[in-house]
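What follows is the content of entry-v2.tsv, which has TSV, C-alpha atoms:
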```tsv
chain	number	residue	atom	x	y	z
A	542	MET	CA	136.13	80.65	122.24
A	543	SER	CA	139.86	80.49	122.96
A	544	LEU	CA	142.04	78.69	120.44
A	545	ALA	CA	143.82	77.01	123.34
A	546	SER	CA	140.65	75.26	124.55
A	547	LYS	CA	141.19	71.53	124.71
A	548	PHE	CA	138.67	68.94	123.63
A	549	GLY	CA	138.44	65.23	124.06
A	550	SER	CA	135.91	62.73	122.82
A	551	TRP	CA	134.36	60.22	125.19
A	552	ALA	CA	132.42	57.07	124.26
A	553	THR	CA	132.16	58.08	120.62
A	554	SER	CA	133.32	56.40	117.42
A	555	LEU	CA	135.59	59.32	116.54
A	556	LEU	CA	138.48	59.73	118.97
A	557	ILE	CA	139.57	63.35	119.36
A	558	ALA	CA	141.98	64.91	121.82
A	559	GLY	CA	143.77	68.24	121.74
A	560	GLU	CA	143.24	71.90	121.08
A	561	ALA	CA	140.71	73.16	118.56
A	562	LYS	CA	143.36	74.80	116.38
A	563	ASP	CA	145.13	71.43	116.04
A	564	ILE	CA	141.99	69.37	115.41
A	565	ALA	CA	140.60	71.42	112.50
A	566	PRO	CA	143.54	71.05	110.03
A	567	ASN	CA	143.53	67.25	110.41
A	568	LEU	CA	139.89	66.75	109.50
A	569	PRO	CA	139.23	64.96	106.18
A	570	MET	CA	137.60	66.82	103.31
A	571	GLN	CA	134.34	64.84	103.56
A	572	ASP	CA	133.75	66.25	107.06
A	573	TRP	CA	133.37	69.78	105.68
A	574	HIS	CA	130.02	70.97	104.36
A	575	ARG	CA	129.17	74.31	102.76
A	576	LEU	CA	126.12	75.77	104.45
A	577	SER	CA	124.53	79.18	104.84
A	578	ALA	CA	124.54	80.93	108.21
A	579	GLY	CA	121.61	83.07	107.15
A	580	HIS	CA	120.82	85.97	104.88
A	581	GLY	CA	123.10	89.00	105.20
A	582	THR	CA	123.35	92.43	103.63
A	583	LYS	CA	125.07	90.95	100.55
A	584	GLY	CA	123.09	87.71	100.24
A	585	GLU	CA	123.59	84.29	101.79
A	586	ARG	CA	126.50	84.03	104.24
A	587	LEU	CA	128.15	80.82	103.06
A	588	TYR	CA	130.89	79.06	105.03
A	589	ASP	CA	132.43	75.61	105.25
A	590	TRP	CA	131.37	73.82	108.45
A	591	ALA	CA	132.51	70.75	110.37
A	592	TYR	CA	130.83	69.28	113.43
A	593	LEU	CA	132.32	66.82	115.89
A	594	ALA	CA	130.15	65.10	118.51
A	595	LEU	CA	132.40	64.57	121.53
A	596	ALA	CA	130.20	63.01	124.22
A	597	ASP	CA	126.59	62.06	125.02
A	598	LEU	CA	125.59	63.01	128.57
A	599	ASP	CA	122.41	62.70	130.63
A	600	ALA	CA	120.60	66.01	131.05
A	601	GLU	CA	119.36	65.14	134.57
A	602	GLU	CA	122.91	65.07	135.91
A	603	PHE	CA	123.36	68.73	134.97
A	604	ASP	CA	119.95	70.02	136.17
A	605	CYS	CA	118.95	70.76	132.60
A	606	PRO	CA	115.22	71.47	132.01
A	607	ILE	CA	115.37	69.44	128.79
A	608	ALA	CA	114.90	65.74	129.44
A	609	GLY	CA	116.91	63.11	127.64
A	610	PRO	CA	120.54	62.80	126.54
A	611	LEU	CA	122.49	65.85	125.44
A	612	THR	CA	125.48	65.98	123.14
A	613	ARG	CA	128.56	68.08	123.76
A	614	GLY	CA	130.34	68.91	120.52
A	615	LEU	CA	132.66	71.17	118.60
A	616	LEU	CA	131.42	73.24	115.64
A	617	ILE	CA	134.07	74.68	113.31
A	618	ARG	CA	133.51	77.41	110.74
A	619	ARG	CA	135.92	78.07	107.89
A	620	ASN	CA	135.87	81.20	105.76
A	621	ILE	CA	135.65	80.43	102.04
A	622	ALA	CA	137.75	83.43	101.00
A	623	ASP	CA	140.77	83.28	103.33
A	624	GLY	CA	140.33	80.00	105.23
A	625	ASP	CA	140.02	81.76	108.60
A	626	LEU	CA	138.68	79.41	111.30
A	627	ALA	CA	136.21	80.01	114.14
A	628	TYR	CA	135.24	77.51	116.84
A	629	PHE	CA	132.04	77.03	118.85
A	630	THR	CA	131.29	74.61	121.67
A	631	THR	CA	127.80	73.11	121.42
A	632	TRP	CA	125.44	71.68	124.02
A	633	CYS	CA	122.30	70.39	122.36
A	634	PRO	CA	119.81	67.50	122.42
A	635	LYS	CA	121.17	64.30	120.97
A	636	GLY	CA	120.43	63.93	117.28
A	637	THR	CA	120.60	67.64	116.48
A	638	THR	CA	121.85	68.04	112.92
A	639	MET	CA	124.73	70.23	111.87
A	640	ARG	CA	122.38	72.31	109.73
A	641	GLU	CA	120.36	73.21	112.81
A	642	LEU	CA	123.50	74.15	114.74
A	643	VAL	CA	124.66	76.36	111.88
A	644	LYS	CA	121.27	78.07	111.82
A	645	VAL	CA	121.49	78.79	115.55
A	646	GLU	CA	125.04	80.13	115.24
A	647	GLY	CA	123.94	82.36	112.37
A	648	ARG	CA	121.49	84.10	114.70
A	649	ARG	CA	124.45	85.71	116.44
A	650	TRP	CA	124.97	88.10	113.51
A	651	THR	CA	121.30	89.09	113.55
A	652	ILE	CA	121.36	89.71	117.30
A	653	GLU	CA	124.48	91.87	117.04
A	654	GLU	CA	122.88	93.90	114.24
A	655	CYS	CA	119.77	94.46	116.38
A	656	PHE	CA	121.85	95.65	119.34
A	657	GLU	CA	123.82	98.01	117.11
A	658	ALA	CA	120.64	99.45	115.59
A	659	ALA	CA	119.06	99.85	119.04
A	660	LYS	CA	122.11	101.78	120.23
A	661	ASN	CA	122.11	104.16	117.28
A	662	GLU	CA	118.36	104.68	116.80
A	663	VAL	CA	116.70	104.45	120.22
A	664	GLY	CA	119.59	104.99	122.67
A	665	LEU	CA	120.09	101.53	124.15
A	666	ASP	CA	123.43	102.53	125.70
A	667	HIS	CA	122.37	106.09	126.67
A	668	ASN	CA	121.82	105.55	130.37
A	669	GLU	CA	123.64	106.37	133.58
A	670	THR	CA	121.75	104.12	135.95
A	671	ARG	CA	123.62	102.67	138.91
A	672	SER	CA	121.15	99.98	139.93
A	673	TRP	CA	119.92	96.82	138.27
A	674	HIS	CA	116.27	97.97	138.42
A	675	GLY	CA	117.04	101.26	136.69
A	676	TRP	CA	119.06	99.55	133.99
A	677	HIS	CA	116.38	96.90	133.48
A	678	ARG	CA	113.65	99.52	133.10
A	679	HIS	CA	115.68	101.52	130.61
A	680	VAL	CA	116.51	98.48	128.50
A	681	SER	CA	112.91	97.24	128.60
A	682	LEU	CA	111.55	100.62	127.44
A	683	VAL	CA	114.17	100.94	124.70
A	684	MET	CA	113.58	97.43	123.36
A	685	LEU	CA	109.82	98.04	123.35
A	686	ALA	CA	110.35	101.18	121.26
A	687	TYR	CA	112.71	99.33	118.92
A	688	ASP	CA	110.22	96.50	118.49
A	689	GLY	CA	107.49	98.95	117.53
A	690	MET	CA	109.79	100.73	115.09
A	691	ALA	CA	110.86	97.44	113.48
A	692	SER	CA	107.22	96.37	113.14
A	693	VAL	CA	106.23	99.64	111.44
A	694	ARG	CA	109.24	99.42	109.13
A	695	TYR	CA	108.40	95.84	108.16
A	696	GLN	CA	104.77	96.69	107.38
A	697	ALA	CA	105.80	99.75	105.36
A	698	ASN	CA	108.26	97.77	103.26
A	699	SER	CA	105.90	94.86	102.66
A	700	THR	CA	102.77	96.88	101.79
A	701	LYS	CA	101.85	96.66	98.10
A	702	PRO	CA	99.78	99.27	96.23
A	703	LYS	CA	96.12	98.43	95.86
A	704	LYS	CA	94.96	97.32	92.44
A	705	HIS	CA	91.56	98.24	90.94
A	706	SER	CA	89.25	95.35	90.29
A	707	THR	CA	88.39	94.32	86.74
A	708	GLU	CA	84.73	95.21	87.23
A	709	ARG	CA	85.59	98.73	88.34
A	710	ASP	CA	88.02	99.20	85.46
A	711	ASN	CA	85.34	98.12	82.97
A	712	ARG	CA	82.75	100.40	84.53
A	713	ARG	CA	84.89	103.54	84.61
A	714	PRO	CA	87.69	103.32	82.03
A	715	LEU	CA	90.65	105.59	82.64
A	716	VAL	CA	91.53	105.84	78.92
A	717	HIS	CA	88.96	106.47	76.14
A	718	THR	CA	89.41	104.85	72.77
A	719	GLY	CA	89.17	106.70	69.46
A	720	ASN	CA	88.44	110.42	69.33
A	721	GLN	CA	85.74	110.31	71.94
A	722	ALA	CA	86.39	112.88	74.64
A	723	PRO	CA	85.76	111.97	78.25
A	724	ARG	CA	82.41	113.05	79.56
A	725	ARG	CA	82.37	115.91	81.98
A	726	LYS	CA	79.69	117.05	84.33
A	727	ALA	CA	77.71	120.01	82.99
A	728	CYS	CA	78.61	123.30	84.64
A	729	THR	CA	75.57	125.01	86.21
A	730	THR	CA	77.33	128.30	87.03
A	731	GLN	CA	76.47	131.15	84.65
A	732	ILE	CA	79.51	132.44	82.81
A	733	ILE	CA	79.70	136.23	82.58
A	734	HIS	CA	81.63	137.52	79.58
A	735	ARG	CA	83.46	140.75	80.32
A	736	PRO	CA	85.13	143.02	77.76
A	737	TYR	CA	88.78	143.70	77.84
A	738	PRO	CA	89.90	146.52	80.18
A	739	GLN	CA	89.72	150.00	78.57
A	740	MET	CA	90.47	153.58	79.53
A	741	VAL	CA	87.63	155.51	81.24
A	742	ARG	CA	85.84	157.83	78.82
A	743	LEU	CA	85.91	161.45	79.95
A	744	SER	CA	82.82	163.66	79.95
A	745	THR	CA	82.47	166.37	77.27
A	746	ASN	CA	80.02	168.50	79.34
A	747	THR	CA	80.94	171.22	81.80
A	748	SER	CA	80.91	170.62	85.49
A	749	GLY	CA	77.68	172.56	85.91
A	750	GLN	CA	75.73	170.20	83.80
A	751	ARG	CA	74.95	166.89	85.49
A	752	CYS	CA	74.10	163.95	83.36
A	753	ALA	CA	74.48	160.22	83.46
A	754	ILE	CA	77.76	158.98	82.11
A	755	SER	CA	78.13	155.37	81.12
A	756	LEU	CA	81.45	153.91	82.18
A	757	THR	CA	83.02	151.01	80.52
A	758	ILE	CA	84.86	148.71	82.92
```
Translate this file's structure into structure tokens.
Amino acid sequence: MSLASKFGSWATSLLIAGEAKDIAPNLPMQDWHRLSAGHGTKGERLYDWAYLALADLDAEEFDCPIAGPLTRGLLIRRNIADGDLAYFTTWCPKGTTMRELVKVEGRRWTIEECFEAAKNEVGLDHNETRSWHGWHRHVSLVMLAYDGMASVRYQANSTKPKKHSTERDNRRPLVHTGNQAPRRKACTTQIIHRPYPQMVRLSTNTSGQRCAISLTI
């Protein structure tokens, strides 16, 4: 939102008029509340917030599908570290709390992260379509692939290794106590003992005499 946007309260107890950049510095300290905009890569994203309800309007006059009065307001976010300010215009059902508005605004960071991941991992912006239908089909296919990938990633990260039941552990212990060796299944294959390899013994008879020669392998 532009810093030069002007706001004015109407039919409210708090009278406000002027630009957003001039309204924020004049707010009293009790109007600021430290709330989290959601969980980020480094933990909770904490900011100081102030909310000003400017006017209550009837939703039917603006063809809004939500029945009942709506509140137009100004939500201000202040950075804890450097005091940098950001401004958001709100249009919500009357009675919406500031905590709910902060939660909705915090979704913006999550949405931007999803778009960035979809561009890098599944090619959200890799298209050269020149019609709305082609663009819509490409985006729909890409977001479907990204949803499947995110689902698989979530299940893989949340899966815990299976644990053996107590009954099974008692029935087949993995570690034997004392000097008792673990039982092994008897081997039914006959073991043939062979001597070590030796040189072949040469015959002492002449070639004309044929006889059986025992060879040692």
Could you work out how far atom CA of Trp590 of chain A lies from atom CA of Asp572 of chain A, giving the answer in Å with one decimal? 8.1 Å
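Minimum atom-to-atom distance to Gly624 of chain A, evaluated using all atoms listed in the file, belongs to A:Asp589 out of A:Glu646, A:Glu654, A:Glu641, A:Asp589.
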For Thr651 of chain A: contacts at 12 Å, only C-alpha atoms, fewer than 2 positions along chain excluded, given as a ChimeraX atom specification: /A:578-582,586,644-649,653-658
Restricting it to C-alpha atoms, dump the selection as a PDB file, in the frame of the given file.
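See again-v3.pdb below for the written result:
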```
ATOM      1  CA  ALA A 578     124.540  80.930 108.210  1.00  0.00           C
ATOM      2  CA  GLY A 579     121.610  83.070 107.150  1.00  0.00           C
ATOM      3  CA  HIS A 580     120.820  85.970 104.880  1.00  0.00           C
ATOM      4  CA  GLY A 581     123.100  89.000 105.200  1.00  0.00           C
ATOM      5  CA  THR A 582     123.350  92.430 103.630  1.00  0.00           C
ATOM      6  CA  ARG A 586     126.500  84.030 104.240  1.00  0.00           C
ATOM      7  CA  LYS A 644     121.270  78.070 111.820  1.00  0.00           C
ATOM      8  CA  VAL A 645     121.490  78.790 115.550  1.00  0.00           C
ATOM      9  CA  GLU A 646     125.040  80.130 115.240  1.00  0.00           C
ATOM     10  CA  GLY A 647     123.940  82.360 112.370  1.00  0.00           C
ATOM     11  CA  ARG A 648     121.490  84.100 114.700  1.00  0.00           C
ATOM     12  CA  ARG A 649     124.450  85.710 116.440  1.00  0.00           C
ATOM     13  CA  GLU A 653     124.480  91.870 117.040  1.00  0.00           C
ATOM     14  CA  GLU A 654     122.880  93.900 114.240  1.00  0.00           C
ATOM     15  CA  CYS A 655     119.770  94.460 116.380  1.00  0.00           C
ATOM     16  CA  PHE A 656     121.850  95.650 119.340  1.00  0.00           C
ATOM     17  CA  GLU A 657     123.820  98.010 117.110  1.00  0.00           C
ATOM     18  CA  ALA A 658     120.640  99.450 115.590  1.00  0.00           C
TER      19      ALA A 658
END
```
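Of note, atom CA of Phe629 of chain A and atom CA of Thr612 of chain A are spaced 13.5 Å apart.
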At what distance in Å, to one decimal, does atom CA of Ala565 of chain A lie from atom CA of Asp599 of chain A?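 Computing it gives 27.1 Å between the two atoms.
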Selection: 12 Å around Thr637 of chain A, only C-alpha atoms, excl. self and same-chain fewer than 4 positions, as a list of chain:residue names: A:Tyr592, A:Leu593, A:Ala594, A:Asp597, A:Pro610, A:Leu611, A:Thr612, A:Arg613, A:Gly614, A:Thr631, A:Trp632, A:Cys633, A:Glu641, A:Leu642, A:Val643, A:Lys644, A:Val645
